[in-house]
$ cat target28.cif   # mmCIF, C-alpha atoms and all ligand atoms
data_query
loop_
_atom_site.group_PDB
_atom_site.id
_atom_site.type_symbol
_atom_site.label_atom_id
_atom_site.label_comp_id
_atom_site.auth_asym_id
_atom_site.auth_seq_id
_atom_site.Cartn_x
_atom_site.Cartn_y
_atom_site.Cartn_z
ATOM 1 C CA MET A 1 61.872 64.188 99.421
ATOM 2 C CA THR A 2 60.684 65.817 96.198
ATOM 3 C CA PRO A 3 62.129 64.446 92.912
ATOM 4 C CA ASP A 4 64.249 67.636 92.708
ATOM 5 C CA GLU A 5 65.664 67.062 96.191
ATOM 6 C CA GLN A 6 66.336 63.389 95.380
ATOM 7 C CA MET A 7 68.301 64.372 92.262
ATOM 8 C CA HIS A 8 70.310 66.933 94.238
ATOM 9 C CA ALA A 9 71.039 64.454 97.034
ATOM 10 C CA ALA A 10 72.205 61.874 94.483
ATOM 11 C CA ALA A 11 74.588 64.367 92.840
ATOM 12 C CA ALA A 12 76.134 65.667 96.076
ATOM 13 C CA PRO A 13 79.056 63.750 97.626
ATOM 14 C CA ALA A 14 78.082 61.850 100.799
ATOM 15 C CA VAL A 15 80.623 63.713 102.930
ATOM 16 C CA ALA A 16 81.728 67.258 102.108
ATOM 17 C CA PRO A 17 85.482 67.283 101.430
ATOM 18 C CA ARG A 18 87.698 69.043 103.923
ATOM 19 C CA LEU A 19 89.284 72.317 102.789
ATOM 20 C CA VAL A 20 92.360 73.801 104.457
ATOM 21 C CA LEU A 21 93.447 77.360 103.728
ATOM 22 C CA ALA A 22 97.240 77.487 103.977
ATOM 23 C CA SER A 23 97.421 81.201 104.766
ATOM 24 C CA ALA A 24 97.747 83.590 107.685
ATOM 25 C CA SER A 25 96.086 86.365 105.697
ATOM 26 C CA PRO A 26 92.667 87.399 107.055
ATOM 27 C CA ARG A 27 92.008 89.039 103.660
ATOM 28 C CA ARG A 28 92.182 85.644 101.972
ATOM 29 C CA ARG A 29 89.698 84.191 104.456
ATOM 30 C CA ASP A 30 87.305 87.095 103.822
ATOM 31 C CA LEU A 31 87.647 86.776 100.052
ATOM 32 C CA LEU A 32 86.920 83.042 100.187
ATOM 33 C CA ALA A 33 83.849 83.758 102.336
ATOM 34 C CA GLN A 34 82.687 86.193 99.643
ATOM 35 C CA ILE A 35 82.320 83.277 97.205
ATOM 36 C CA GLY A 36 80.620 81.131 99.831
ATOM 37 C CA VAL A 37 83.641 78.961 100.636
ATOM 38 C CA ARG A 38 84.442 78.415 104.318
ATOM 39 C CA PRO A 39 87.636 76.471 104.995
ATOM 40 C CA ASP A 40 87.411 73.774 107.659
ATOM 41 C CA ALA A 41 90.801 74.882 108.929
ATOM 42 C CA VAL A 42 93.260 77.723 108.481
ATOM 43 C CA ARG A 43 96.838 76.512 108.688
ATOM 44 C CA PRO A 44 99.519 79.020 107.657
ATOM 45 C CA ALA A 45 102.634 77.545 106.065
ATOM 46 C CA GLU A 46 105.926 78.364 107.731
ATOM 47 C CA ILE A 47 108.284 78.881 104.824
ATOM 48 C CA ASP A 48 111.110 81.233 103.927
ATOM 49 C CA GLU A 49 109.684 83.777 101.457
ATOM 50 C CA THR A 50 112.995 85.442 100.521
ATOM 51 C CA PRO A 51 113.324 85.893 96.741
ATOM 52 C CA ARG A 52 116.251 84.104 95.130
ATOM 53 C CA ARG A 53 118.930 86.097 93.355
ATOM 54 C CA GLY A 54 117.657 87.045 89.889
ATOM 55 C CA GLU A 55 114.237 85.492 90.488
ATOM 56 C CA LEU A 56 111.449 87.127 88.468
ATOM 57 C CA PRO A 57 108.195 88.213 90.171
ATOM 58 C CA ARG A 58 106.042 85.531 88.537
ATOM 59 C CA GLN A 59 108.638 82.838 89.272
ATOM 60 C CA LEU A 60 108.635 83.887 92.927
ATOM 61 C CA ALA A 61 104.825 83.862 93.201
ATOM 62 C CA GLU A 62 104.697 80.390 91.671
ATOM 63 C CA ARG A 63 107.512 78.937 93.758
ATOM 64 C CA LEU A 64 106.078 80.276 97.018
ATOM 65 C CA CYS A 65 102.463 79.255 96.455
ATOM 66 C CA ARG A 66 103.620 75.745 95.549
ATOM 67 C CA ALA A 67 105.882 75.593 98.613
ATOM 68 C CA LYS A 68 103.090 76.798 100.938
ATOM 69 C CA ALA A 69 100.628 74.261 99.506
ATOM 70 C CA ALA A 70 103.128 71.399 99.704
ATOM 71 C CA ALA A 71 104.115 72.225 103.303
ATOM 72 C CA VAL A 72 100.506 72.129 104.502
ATOM 73 C CA ALA A 73 99.377 69.221 102.278
ATOM 74 C CA GLY A 74 102.034 67.113 104.024
ATOM 75 C CA LEU A 75 100.291 67.807 107.339
ATOM 76 C CA GLU A 76 96.738 67.443 106.047
ATOM 77 C CA PRO A 77 96.413 64.206 104.067
ATOM 78 C CA GLY A 78 92.994 63.706 102.509
ATOM 79 C CA ALA A 79 92.109 67.415 102.378
ATOM 80 C CA PHE A 80 91.958 70.051 99.675
ATOM 81 C CA VAL A 81 94.726 72.547 100.457
ATOM 82 C CA LEU A 82 94.655 76.046 98.984
ATOM 83 C CA ALA A 83 97.665 78.396 99.134
ATOM 84 C CA ALA A 84 98.504 81.738 97.565
ATOM 85 C CA ASP A 85 101.313 84.227 97.364
ATOM 86 C CA THR A 86 101.025 87.853 96.241
ATOM 87 C CA VAL A 87 104.033 89.653 94.770
ATOM 88 C CA VAL A 88 104.201 93.370 93.904
ATOM 89 C CA ALA A 89 106.778 94.346 91.314
ATOM 90 C CA CYS A 90 107.915 97.435 89.458
ATOM 91 C CA GLY A 91 109.565 96.085 86.332
ATOM 92 C CA ARG A 92 111.851 93.255 87.514
ATOM 93 C CA ARG A 93 112.134 94.760 90.960
ATOM 94 C CA ILE A 94 110.245 92.835 93.640
ATOM 95 C CA LEU A 95 108.921 95.008 96.442
ATOM 96 C CA PRO A 96 109.024 93.691 100.015
ATOM 97 C CA LYS A 97 106.126 92.907 102.296
ATOM 98 C CA ALA A 98 106.589 96.123 104.264
ATOM 99 C CA GLU A 99 107.498 95.454 107.895
ATOM 100 C CA THR A 100 109.072 98.805 108.826
ATOM 101 C CA VAL A 101 108.027 102.382 108.114
ATOM 102 C CA ASP A 102 111.226 102.884 106.105
ATOM 103 C CA GLU A 103 110.410 99.930 103.873
ATOM 104 C CA ALA A 104 106.879 101.239 103.365
ATOM 105 C CA ALA A 105 108.216 104.739 102.568
ATOM 106 C CA ASP A 106 110.601 103.262 99.971
ATOM 107 C CA CYS A 107 107.712 101.335 98.395
ATOM 108 C CA LEU A 108 105.538 104.470 98.153
ATOM 109 C CA ALA A 109 108.432 106.442 96.623
ATOM 110 C CA LEU A 110 108.883 103.750 93.978
ATOM 111 C CA LEU A 111 105.183 103.337 93.197
ATOM 112 C CA SER A 112 104.317 107.059 93.098
ATOM 113 C CA GLY A 113 103.154 108.188 89.641
ATOM 114 C CA ARG A 114 103.917 104.792 88.057
ATOM 115 C CA ARG A 115 102.433 101.534 86.921
ATOM 116 C CA HIS A 116 103.273 98.285 88.691
ATOM 117 C CA ARG A 117 102.192 94.664 88.536
ATOM 118 C CA VAL A 118 100.589 92.573 91.255
ATOM 119 C CA THR A 119 100.848 88.824 90.707
ATOM 120 C CA THR A 120 99.205 86.191 92.846
ATOM 121 C CA GLY A 121 100.245 82.581 92.563
ATOM 122 C CA LEU A 122 97.496 80.137 93.499
ATOM 123 C CA CYS A 123 98.054 76.486 94.255
ATOM 124 C CA LEU A 124 95.436 73.856 95.044
ATOM 125 C CA VAL A 125 96.223 70.298 96.123
ATOM 126 C CA ALA A 126 93.382 67.767 95.952
ATOM 127 C CA PRO A 127 92.879 64.879 98.434
ATOM 128 C CA ASP A 128 94.156 62.433 95.768
ATOM 129 C CA GLY A 129 97.412 64.417 95.413
ATOM 130 C CA ARG A 130 96.625 66.180 92.123
ATOM 131 C CA GLN A 131 97.970 69.728 92.156
ATOM 132 C CA VAL A 132 97.162 72.764 90.023
ATOM 133 C CA CYS A 133 98.760 76.178 89.999
ATOM 134 C CA ARG A 134 97.680 79.439 88.356
ATOM 135 C CA LEU A 135 99.303 82.874 88.105
ATOM 136 C CA VAL A 136 97.154 85.990 87.877
ATOM 137 C CA THR A 137 98.543 89.466 87.210
ATOM 138 C CA SER A 138 96.835 92.849 87.599
ATOM 139 C CA ILE A 139 98.271 96.200 86.551
ATOM 140 C CA VAL A 140 97.925 99.050 89.045
ATOM 141 C CA THR A 141 98.653 102.727 88.313
ATOM 142 C CA PHE A 142 99.379 105.038 91.241
ATOM 143 C CA LYS A 143 98.822 108.782 91.170
ATOM 144 C CA ARG A 144 101.810 110.965 92.033
ATOM 145 C CA LEU A 145 101.882 111.102 95.808
ATOM 146 C CA ASP A 146 102.546 114.383 97.580
ATOM 147 C CA ALA A 147 104.272 114.728 100.951
ATOM 148 C CA ALA A 148 101.004 114.896 102.917
ATOM 149 C CA GLU A 149 99.704 111.701 101.295
ATOM 150 C CA ARG A 150 102.922 109.824 101.999
ATOM 151 C CA SER A 151 103.251 110.885 105.628
ATOM 152 C CA GLY A 152 99.528 110.445 106.298
ATOM 153 C CA TYR A 153 99.542 106.963 104.823
ATOM 154 C CA LEU A 154 102.661 105.918 106.706
ATOM 155 C CA ALA A 155 101.197 107.204 109.986
ATOM 156 C CA GLY A 156 98.052 105.097 109.472
ATOM 157 C CA GLY A 157 99.976 101.813 109.532
ATOM 158 C CA GLU A 158 97.763 99.822 107.151
ATOM 159 C CA TRP A 159 100.869 99.133 105.008
ATOM 160 C CA GLN A 160 102.154 96.661 107.629
ATOM 161 C CA GLY A 161 102.571 93.133 106.240
ATOM 162 C CA LYS A 162 101.281 94.190 102.804
ATOM 163 C CA ALA A 163 103.250 93.392 99.678
ATOM 164 C CA GLY A 164 104.345 96.707 98.147
ATOM 165 C CA GLY A 165 103.455 98.594 101.343
ATOM 166 C CA TYR A 166 99.859 99.477 100.527
ATOM 167 C CA ALA A 167 96.362 98.024 100.691
ATOM 168 C CA ILE A 168 93.988 98.668 97.801
ATOM 169 C CA GLN A 169 91.118 97.550 100.052
ATOM 170 C CA GLY A 170 91.985 100.357 102.506
ATOM 171 C CA ARG A 171 93.063 103.973 102.189
ATOM 172 C CA GLY A 172 95.550 102.833 99.569
ATOM 173 C CA ALA A 173 92.560 103.048 97.213
ATOM 174 C CA LEU A 174 93.084 106.821 97.283
ATOM 175 C CA PHE A 175 96.291 106.282 95.304
ATOM 176 C CA VAL A 176 94.998 103.852 92.667
ATOM 177 C CA ALA A 177 94.257 105.920 89.562
ATOM 178 C CA ASP A 178 93.726 102.854 87.397
ATOM 179 C CA LEU A 179 93.421 99.079 87.715
ATOM 180 C CA GLY A 180 93.706 96.571 84.893
ATOM 181 C CA GLY A 181 92.581 93.046 85.726
ATOM 182 C CA SER A 182 91.270 91.452 88.886
ATOM 183 C CA TYR A 183 90.689 93.564 92.015
ATOM 184 C CA SER A 184 90.531 90.537 94.336
ATOM 185 C CA ASN A 185 93.894 89.454 92.931
ATOM 186 C CA VAL A 186 95.470 92.656 94.292
ATOM 187 C CA VAL A 187 93.917 92.050 97.720
ATOM 188 C CA GLY A 188 95.497 88.574 97.721
ATOM 189 C CA LEU A 189 93.160 85.989 96.170
ATOM 190 C CA PRO A 190 91.788 86.224 92.609
ATOM 191 C CA LEU A 191 88.259 84.938 93.086
ATOM 192 C CA PHE A 192 87.343 83.977 89.533
ATOM 193 C CA GLU A 193 90.477 81.844 89.158
ATOM 194 C CA THR A 194 90.142 80.419 92.682
ATOM 195 C CA GLY A 195 86.621 79.260 91.852
ATOM 196 C CA ALA A 196 87.831 77.733 88.584
ATOM 197 C CA LEU A 197 90.655 75.876 90.342
ATOM 198 C CA LEU A 198 88.349 74.495 93.048
ATOM 199 C CA ARG A 199 85.722 73.444 90.513
ATOM 200 C CA GLY A 200 88.387 71.916 88.241
ATOM 201 C CA LEU A 201 89.641 69.570 90.966
ATOM 202 C CA GLY A 202 86.133 68.641 92.110
ATOM 203 C CA PHE A 203 85.545 70.806 95.165
ATOM 204 C CA PRO A 204 81.809 71.551 95.313
ATOM 205 C CA LEU A 205 81.125 75.293 95.079
ATOM 206 C CA TRP A 206 77.344 74.857 95.143
ATOM 207 C CA PRO A 207 76.828 72.018 97.597
HETATM 208 C C1 LIG B 301 99.052 94.886 97.174
HETATM 209 C C2 LIG B 301 98.266 94.385 98.338
HETATM 210 C C3 LIG B 301 98.703 93.314 99.118
HETATM 211 N N1 LIG B 301 97.980 92.881 100.173
HETATM 212 C C4 LIG B 301 98.422 91.759 101.022
HETATM 213 C C5 LIG B 301 97.872 90.400 100.593
HETATM 214 C C6 LIG B 301 98.784 89.441 101.320
HETATM 215 O O1 LIG B 301 98.235 89.217 102.619
HETATM 216 C C7 LIG B 301 100.087 90.218 101.445
HETATM 217 C C8 LIG B 301 101.143 89.585 100.609
HETATM 218 O O2 LIG B 301 101.808 88.609 101.347
HETATM 219 P P1 LIG B 301 101.646 87.026 101.130
HETATM 220 O O3 LIG B 301 102.962 86.415 101.457
HETATM 221 O O4 LIG B 301 101.049 86.730 99.801
HETATM 222 O O5 LIG B 301 100.571 86.606 102.223
HETATM 223 P P2 LIG B 301 100.633 86.698 103.812
HETATM 224 O O6 LIG B 301 102.049 86.727 104.328
HETATM 225 O O7 LIG B 301 99.748 87.836 104.280
HETATM 226 O O8 LIG B 301 99.929 85.357 104.241
HETATM 227 P P3 LIG B 301 100.386 83.822 103.873
HETATM 228 O O9 LIG B 301 101.789 83.851 103.314
HETATM 229 O O10 LIG B 301 100.302 83.072 105.165
HETATM 230 O O11 LIG B 301 99.378 83.352 102.874
HETATM 231 O O12 LIG B 301 99.816 91.556 100.993
HETATM 232 C C9 LIG B 301 96.769 93.504 100.507
HETATM 233 O O13 LIG B 301 96.108 93.102 101.483
HETATM 234 N N2 LIG B 301 96.319 94.537 99.742
HETATM 235 C C10 LIG B 301 97.011 95.023 98.666
HETATM 236 O O14 LIG B 301 96.539 95.975 98.003
#
$ encode --input "target28.cif" --output "structure tokens" --more "lines below"
Ligand SMILES: Cc1cn([C@H]2C[C@H](O)[C@@H](COP(=O)(O)OP(=O)(O)OP(=O)(O)O)O2)c(=O)[nH]c1=O
Amino acid sequence: MTPDEQMHAAAAPAVAPRLVLASASPRRRDLLAQIGVRPDAVRPAEIDETPRRGELPRQLAERLCRAKAAAVAGLEPGAFVLAADTVVACGRRILPKAETVDEAADCLALLSGRRHRVTTGLCLVAPDGRQVCRLVTSIVTFKRLDAAERSGYLAGGEWQGKAGGYAIQGRGALFVADLGGSYSNVVGLPLFETGALLRGLGFPLWP
């Protein structure tokens, strides 16, 4: 071993810590891979994501990311557990994760020609039980959508399972006239803040 290699070996933990991604979203897995982080397991949390009466978008994102992280941390002692929840809101109004074409059409009608906010709550639980949470908000401005854009987008189906009924990483990009803040946040996992959270609790980003 060269002196450089010896120093590196001394600094690195003997066994790489286990990381569990508490999410069913393939986008989140891809975004994590972009920053060189590969979870050892993907374990979606089964929780009720219905907003409470009067709950604000940021409150919802925080409550749900904490609940997802806690649910999976209980099943994965000794691991880092990362969870996220993305909420799209127009003012105080929280848009659904579109499951039907009618829901997606309602979302597009509301977003057309307006600004809205996309907030992702991030929660990381460390093997020793420490827990940190961060909220990241981006501002998205949609162009005014004409009838052909709406029907074409609805026919394509990429809105399915997406908060607010669109995907900025897909053809939804055709509607985004302006974006303030993090792009990866809109897709579902703000990468700068995710890296900071992992580093802050001691997960090695450059093993
Ligand atoms: C606005 C927007 C949302 N989305 C997605 C990200 C999330 O997957 C989804 C919001 O729902 P979430 O509840 O945050 O995530 P999920 O149900 O897909 O997965 P899990 O709860 O298991 O973590 O919307 C996009 O992919 N692109 C976009 O432009």
$ resolve_selection --input "target28.cif" --expression "the PyMOL selection byres (((chain A and resi 159-171) around 10) and not hetatm)" --output "PyMOL selection string"
chain A and resi 25+27+85-90+94-101+103-108+110-111+116+118+140+153-158+172-176+183-184+186-188
$ closest_residue --input "target28.cif" --among "A:Ser23, A:Thr141, A:Gln34, A:Ser182" --to "Cys65 (chain A)" --atoms "only C-alpha atoms"
A:Ser23
$ resolve_selection --input "target28.cif" --expression "the PyMOL selection byres (((chain A and resi 125) around 6) and not hetatm)" --output "MDAnalysis selection string"
chainID A and resid 80:81 124 126 130:131
$ write_last_selection --input "target28.cif" --atoms "C-alpha atoms" --output "mmCIF file, in the frame of the given file"
data_model
loop_
_atom_site.group_PDB
_atom_site.id
_atom_site.type_symbol
_atom_site.label_atom_id
_atom_site.label_comp_id
_atom_site.auth_asym_id
_atom_site.auth_seq_id
_atom_site.Cartn_x
_atom_site.Cartn_y
_atom_site.Cartn_z
ATOM 1 C CA PHE A 80 91.958 70.051 99.675
ATOM 2 C CA VAL A 81 94.726 72.547 100.457
ATOM 3 C CA LEU A 124 95.436 73.856 95.044
ATOM 4 C CA ALA A 126 93.382 67.767 95.952
ATOM 5 C CA ARG A 130 96.625 66.180 92.123
ATOM 6 C CA GLN A 131 97.970 69.728 92.156
#
$ atom_distance --input "target28.cif" --atom1 "CA of Phe203 (chain A)" --atom2 "CA of Pro17 (chain A)"
7.2 Å
$ resolve_selection --input "target28.cif" --expression "the PyMOL selection byres (((chain A and resi 16) around 12) and not hetatm)" --output "PDB file with C-alpha atoms, keeping the file's coordinate frame"
ATOM      1  CA  ALA A  12      76.134  65.667  96.076  1.00  0.00           C
ATOM      2  CA  PRO A  13      79.056  63.750  97.626  1.00  0.00           C
ATOM      3  CA  ALA A  14      78.082  61.850 100.799  1.00  0.00           C
ATOM      4  CA  VAL A  15      80.623  63.713 102.930  1.00  0.00           C
ATOM      5  CA  PRO A  17      85.482  67.283 101.430  1.00  0.00           C
ATOM      6  CA  ARG A  18      87.698  69.043 103.923  1.00  0.00           C
ATOM      7  CA  LEU A  19      89.284  72.317 102.789  1.00  0.00           C
ATOM      8  CA  VAL A  37      83.641  78.961 100.636  1.00  0.00           C
ATOM      9  CA  ARG A  38      84.442  78.415 104.318  1.00  0.00           C
ATOM     10  CA  PRO A  39      87.636  76.471 104.995  1.00  0.00           C
ATOM     11  CA  ASP A  40      87.411  73.774 107.659  1.00  0.00           C
ATOM     12  CA  GLY A  78      92.994  63.706 102.509  1.00  0.00           C
ATOM     13  CA  ALA A  79      92.109  67.415 102.378  1.00  0.00           C
ATOM     14  CA  PHE A  80      91.958  70.051  99.675  1.00  0.00           C
ATOM     15  CA  PRO A 127      92.879  64.879  98.434  1.00  0.00           C
ATOM     16  CA  GLY A 202      86.133  68.641  92.110  1.00  0.00           C
ATOM     17  CA  PHE A 203      85.545  70.806  95.165  1.00  0.00           C
ATOM     18  CA  PRO A 204      81.809  71.551  95.313  1.00  0.00           C
ATOM     19  CA  LEU A 205      81.125  75.293  95.079  1.00  0.00           C
ATOM     20  CA  TRP A 206      77.344  74.857  95.143  1.00  0.00           C
ATOM     21  CA  PRO A 207      76.828  72.018  97.597  1.00  0.00           C
TER      22      PRO A 207
END
$ atom_distance --input "target28.cif" --atom1 "CA of Gly113 (chain A)" --atom2 "CA of Leu189 (chain A)"
25.2 Å
$ closest_residue --input "target28.cif" --among "A:Asn185, A:Ser151, A:Gly180, A:Ala73" --to "ligand LIG 301 (chain B)" --atoms "only C-alpha atoms and all ligand atoms"
A:Asn185
$ atom_distance --input "target28.cif" --atom1 "CA of Leu82 (chain A)" --atom2 "CA of Leu21 (chain A)"
5.1 Å
$ residues_around --input "target28.cif" --residues "Glu62 (chain A)" --least-positions-apart "3" --cutoff "8 Å" --atoms "only C-alpha atoms" --output "list in words"
Arg58, Gln59, Cys65, Arg66, Asp85, Gly121, Leu122, Cys133, Arg134 and Leu135 of chain A
$ axis_aligned_box --input "target28.cif" --around "ligand LIG 301 (chain B)" --padding-each-side "6 Å" --output "JSON"
{"center_x": 99.5, "center_y": 89.5, "center_z": 101.2, "size_x": 18.9, "size_y": 24.9, "size_z": 20.0}
$ closest_residue --input "target28.cif" --among "A:Leu32, A:Ala22, A:Leu201, A:Ile139" --to "ligand LIG 301 (chain B)" --atoms "all atoms listed in the file"
A:Ala22
$ closest_residue --input "target28.cif" --among "A:Arg52, A:Lys68, A:Arg93, A:Arg144" --to "ligand LIG 301 (chain B)" --atoms "all atoms listed in the file"
A:Lys68
$ closest_residue --input "target28.cif" --among "A:Ala45, A:Val132, A:Leu197, A:Leu60" --to "ligand LIG 301 (chain B)" --atoms "all atoms listed in the file"
A:Ala45
$ closest_residue --input "target28.cif" --among "A:Asp146, A:Asp30, A:Glu193, A:Glu46" --to "Thr120 (chain A)" --atoms "all atoms listed in the file"
A:Glu193
